[in-house]
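Colleague: Can you read through this structure? Questions will come right after.
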Amino acid sequence: MRLPDPESRSTDAAKYVAVLAWVWVSGTIAMYLYQFIDLGPILLTAFMP
Amino acid sequence: MTACLLTLVLSAAALGAGATILRLFHILPDLSPAERCTWSFGLGFGVLGWLIFPLGIAMLWTPKIMWSVVVTAMSGLWFLRSAFTGLRAQRPSRTVLVLLGALLLLAFGDFLEAVAPPADADSMAYHFFLPKLFLQGQGIHFIPRAVDGAAPLLPQMTYALALGLGDELALTLWCFVTGWGAAAILYSVARRYVSIEWALAAAILYQSTPAILYGAGTGQVEGRIAMFALVAAVCVADLWRTRRLGFAAIAGVAAGFYAASKYPGLLFAVISGVAVILASGRILAGAVFGLAVIVAGGQWYAWNAWHTGDPVFPLLYELLPYHSGVSWNDLQHAHFKEAFAGTEKAVSTNLFWLLAYPLKATFFPAPIFEAGRTGLGILPILALPFTAFGFWRTRHQAKSHFSLIVFTIAVGVYATWFLWGPSQRVRHLLPLLPLGFLVGTVLTAELPAAFRRALAAGAVVVLVVQLGGQAVFSHKYVNVVRGKESRASFLERNVNSFATAQWVNTNLSPAHHRILVPMRQLNYLFDVPIFYGNHQLQAEIEIHRGARLPTFWQQMQQHGVTHLLDNRTDAESTSDIYTRFIRALQNMNCTRLIQSIEVRRFGSRTLPQLEQSAAFDEVYELTPASCTLGRL
């Protein structure tokens, strides 16, 4: 089986794969950062004297 | 200034020692100039520790002899002269300049940490404490304490070199420099296949990983062991490419140094050994590798076996006969096993969790994983599908085979560690992280532009987040480095119960007193002799479940203990038995409370707001003259 090449704009599949890559990147980063959401207020005051 | 100079000299010694080893096995011509330097530094770090060990057990740790080791090692710099000939300056691209800016920010934060006093608990407990203790006696003596006493201590030998020839600042600066070694090796090896931009980005992303920010600047060894893991794995891949036994030997030396630094290094050596045989198709290569592992890594295991009969004391207690007089027994062993079995693992060791553990550790970490603010970051998971796609696209190219070998070693070590290792702390996987970064970089650099853009955008966000983490982590060092905060004030803010160490140093005499301390984080700070009485790890003074009070009393007398420290509110380090013993001794006029000290406790040095409390530590004096214990 050949994977669609996202370089090629000729197929919808290639576009879907490229979109999937962006969804994966943003999704994993968001999920990772979510665990630190409680630290937000503390981090905001971390640099205060 | 002197500390900076000494750090440079030690770095030169490491470069020279490593270059000598690479020259010995005729590997230098196969490496790029950058690789010659970075590999030399990584291997030389191990060689220095290896050379210092026999001098330590011979009680020859004098400045003169230590200098002779350093100067001899520096002579190997001659073999690196070819790395510096014909160098030409290139005009850096805008991306390289931005990346260098990020690198400087990162290095500046690490430098602040290096200039500030050490405060990490594990470093105070043994990474820095043991070199300090050994230097006081001009050599190494055996400590029958599991995990952090009778353990492989190769990196700590180099710490002794820095502390012995310099001071505390030289020690922390040495940790700063060696903490960057793995990133440098990662960069130089990645340059074989990718552009400066990608290699530099990989090195910076690796160096800003939370676990590295947290541990590489301290005395913790994982960030330094990563140098050995990287060199060993790449050597196995090069062995497959060239079929040259020299690579098997260097892989063995590096894997041996890993084993000489931490017990999980044994798993790494076994997996790498299998990979050597499979990659070369020759048993001879496996024999060369094995011999190199034994020579480079066998010192500490022989040292343990010599003193106890168990090379991995006390893990084989139930299988091997121990020498008579070894301070370990059935009750202590049961207590040790129970303590570790109950606290070091949060998920079952089965095939499901073998696959799911990385996801859980990244997104929903259990506290024992130590994976949240001090974990391996998001990049390994984020880059995984891109790496798989990159592997598919390059499956017929040499770099794919190179990556497959490195990746297989990393996965093999991870699987054996997860299924049979004693702990699930992600920190133990840190030495494998640069292997993953290397493979990810090599395989994703030539992905189609749409993929590359998504991955690069993700990497930029991750880098910004991690640099933010570095800023939060490092800002606590600013005032002490600028001289606006005293050493004592800084340690008060960063070390649990620091006030207790201050009181003990002021009120007890180094010549006449010895205090039993149940917690670890003050060990390095005491000027008075201590006995580190961890209830789980040692049986010289028995405080385990089922221990007897008369034995406890007698053992304290044998070890010259004159005072006891009780920190009941620190449940992790103080057992109920210990507290009960103190109360019983008090009732029998064997001890008396001489000081109660108000101390600060907190869960995080970087974010103390998360969890902090006030508590009291108590200092007791032993009063044998009035003791009624023996008369009962």
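FYI, nothing fancy with the structure tokens labels: chains A, B, ... in order, residues from 1 per chain, ligands from 1 as they appear.
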Would you mind listing, for every residue of chain B within 10 Å of chain A, the two atoms forming the shortest contact and the distance between them in Å to one decimal, using only C-alpha atoms, sorted by chain and ascending residue number, as a Markdown table?
Modeller:
| residue | atom | partner | partner_atom | distance |
| --- | --- | --- | --- | --- |
| B:Thr362 | CA | A:Tyr32 | CA | 6.8 |
| B:Phe363 | CA | A:Tyr32 | CA | 5.4 |
| B:Phe364 | CA | A:Gln35 | CA | 7.3 |
| B:Pro365 | CA | A:Gln35 | CA | 9.0 |
| B:Gly372 | CA | A:Gln35 | CA | 7.9 |
| B:Arg373 | CA | A:Phe36 | CA | 8.1 |
| B:Gly377 | CA | A:Tyr32 | CA | 8.2 |
| B:Ile378 | CA | A:Tyr32 | CA | 6.4 |
| B:Leu379 | CA | A:Ile29 | CA | 8.6 |
| B:Ile381 | CA | A:Thr28 | CA | 7.8 |
| B:Leu382 | CA | A:Val25 | CA | 6.1 |
| B:Ala383 | CA | A:Val25 | CA | 8.4 |
| B:Pro385 | CA | A:Ala21 | CA | 8.7 |
| B:Phe386 | CA | A:Ala21 | CA | 8.2 |
| B:Phe389 | CA | A:Leu3 | CA | 9.1 |
| B:Trp392 | CA | A:Leu3 | CA | 9.3 |
| B:Arg393 | CA | A:Leu3 | CA | 9.2 |
| B:Leu447 | CA | A:Glu7 | CA | 9.4 |
| B:Pro448 | CA | A:Glu7 | CA | 5.7 |
| B:Ala449 | CA | A:Glu7 | CA | 6.4 |
| B:Ala450 | CA | A:Ala18 | CA | 5.9 |
| B:Phe451 | CA | A:Ala18 | CA | 6.3 |
| B:Arg452 | CA | A:Ala21 | CA | 9.4 |
| B:Arg453 | CA | A:Trp22 | CA | 8.8 |
| B:Ala454 | CA | A:Trp22 | CA | 5.4 |
| B:Leu455 | CA | A:Val25 | CA | 6.9 |
| B:Ala456 | CA | A:Val25 | CA | 9.7 |
| B:Ala457 | CA | A:Val25 | CA | 8.3 |
| B:Gly458 | CA | A:Val25 | CA | 5.8 |
| B:Ala459 | CA | A:Val25 | CA | 9.0 |
| B:Val461 | CA | A:Ile29 | CA | 8.3 |
| B:Val462 | CA | A:Ile29 | CA | 7.7 |
| B:Val465 | CA | A:Leu33 | CA | 9.1 |
| B:Gly468 | CA | A:Leu43 | CA | 9.9 |
| B:Gly469 | CA | A:Leu43 | CA | 9.6 |
| B:Ala471 | CA | A:Phe47 | CA | 9.2 |
| B:Val472 | CA | A:Ala46 | CA | 6.9 |
| B:Phe473 | CA | A:Ala46 | CA | 9.7 |
| B:His475 | CA | A:Phe47 | CA | 7.4 |
| B:Lys476 | CA | A:Phe47 | CA | 9.0 |
| B:Thr606 | CA | A:Ala46 | CA | 8.9 |
| B:Leu607 | CA | A:Ile42 | CA | 7.6 |
| B:Pro608 | CA | A:Ile42 | CA | 9.6 |
| B:Gln609 | CA | A:Ile42 | CA | 7.2 |
| B:Leu610 | CA | A:Ile42 | CA | 8.0 |
Colleague: For Ala547 of chain B, list every protein, DNA or RNA residue within 10 Å, evaluated using only C-alpha atoms, and leave out those in the same chain fewer than 3 positions away; present the list as a ChimeraX atom specification.
Modeller: /B:331-332,539,541-544,550-552,577-578,581
Colleague: Would you kindly return, as a count of residues only, each protein, DNA or RNA residue with an atom no farther than 9 Å from any atom of Leu153 of chain B, considering only C-alpha atoms and excluding same-chain residues fewer than 4 positions away?
Modeller: 9
Colleague: What does the structure give for the distance between atom CA of Ile582 of chain B and atom CA of Ser626 of chain B, in Å to one decimal?
Modeller: 15.1 Å
Colleague: Identify, on the basis of only C-alpha atoms, every residue whose closest approach to Met124 of chain B does not exceed 8 Å; exclude the query and any residue fewer than 2 positions from it along the same chain; express the result as a ChimeraX atom specification.
Modeller: /B:118-122,126-129,520-525
Colleague: Using C-alpha atoms, can you write the selected residues to a file as a compact mmCIF listing (two decimals), in the first residue's frame?
Modeller:
# COMPACT_ATOMS: atom_id res chain seq x y z
CA PRO B 118 23.78 22.87 45.53
CA ALA B 119 20.32 22.13 46.91
CA ASP B 120 19.00 19.00 45.18
CA ALA B 121 18.02 16.34 47.74
CA ASP B 122 19.61 13.32 46.02
CA TYR B 126 24.93 10.93 48.25
CA HIS B 127 25.99 12.26 44.82
CA PHE B 128 27.92 15.09 46.50
CA PHE B 129 28.01 13.77 50.06
CA ARG B 520 18.91 12.30 53.45
CA GLN B 521 18.79 15.87 52.18
CA LEU B 522 21.10 17.37 54.81
CA ASN B 523 23.96 14.85 54.61
CA TYR B 524 26.24 17.05 52.49
CA LEU B 525 25.62 20.11 54.67
Colleague: Mind giving me the straight-line distance from atom CA of Asp30 of chain B to atom CA of Phe247 of chain B in Å, one decimal?
Modeller: 10.0 Å
Colleague: Do you have the atom CA of Phe490 of chain B-atom CA of Leu165 of chain B distance handy?
Modeller: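 Result for atom CA of Phe490 of chain B versus atom CA of Leu165 of chain B: 25.4 Å, one decimal.
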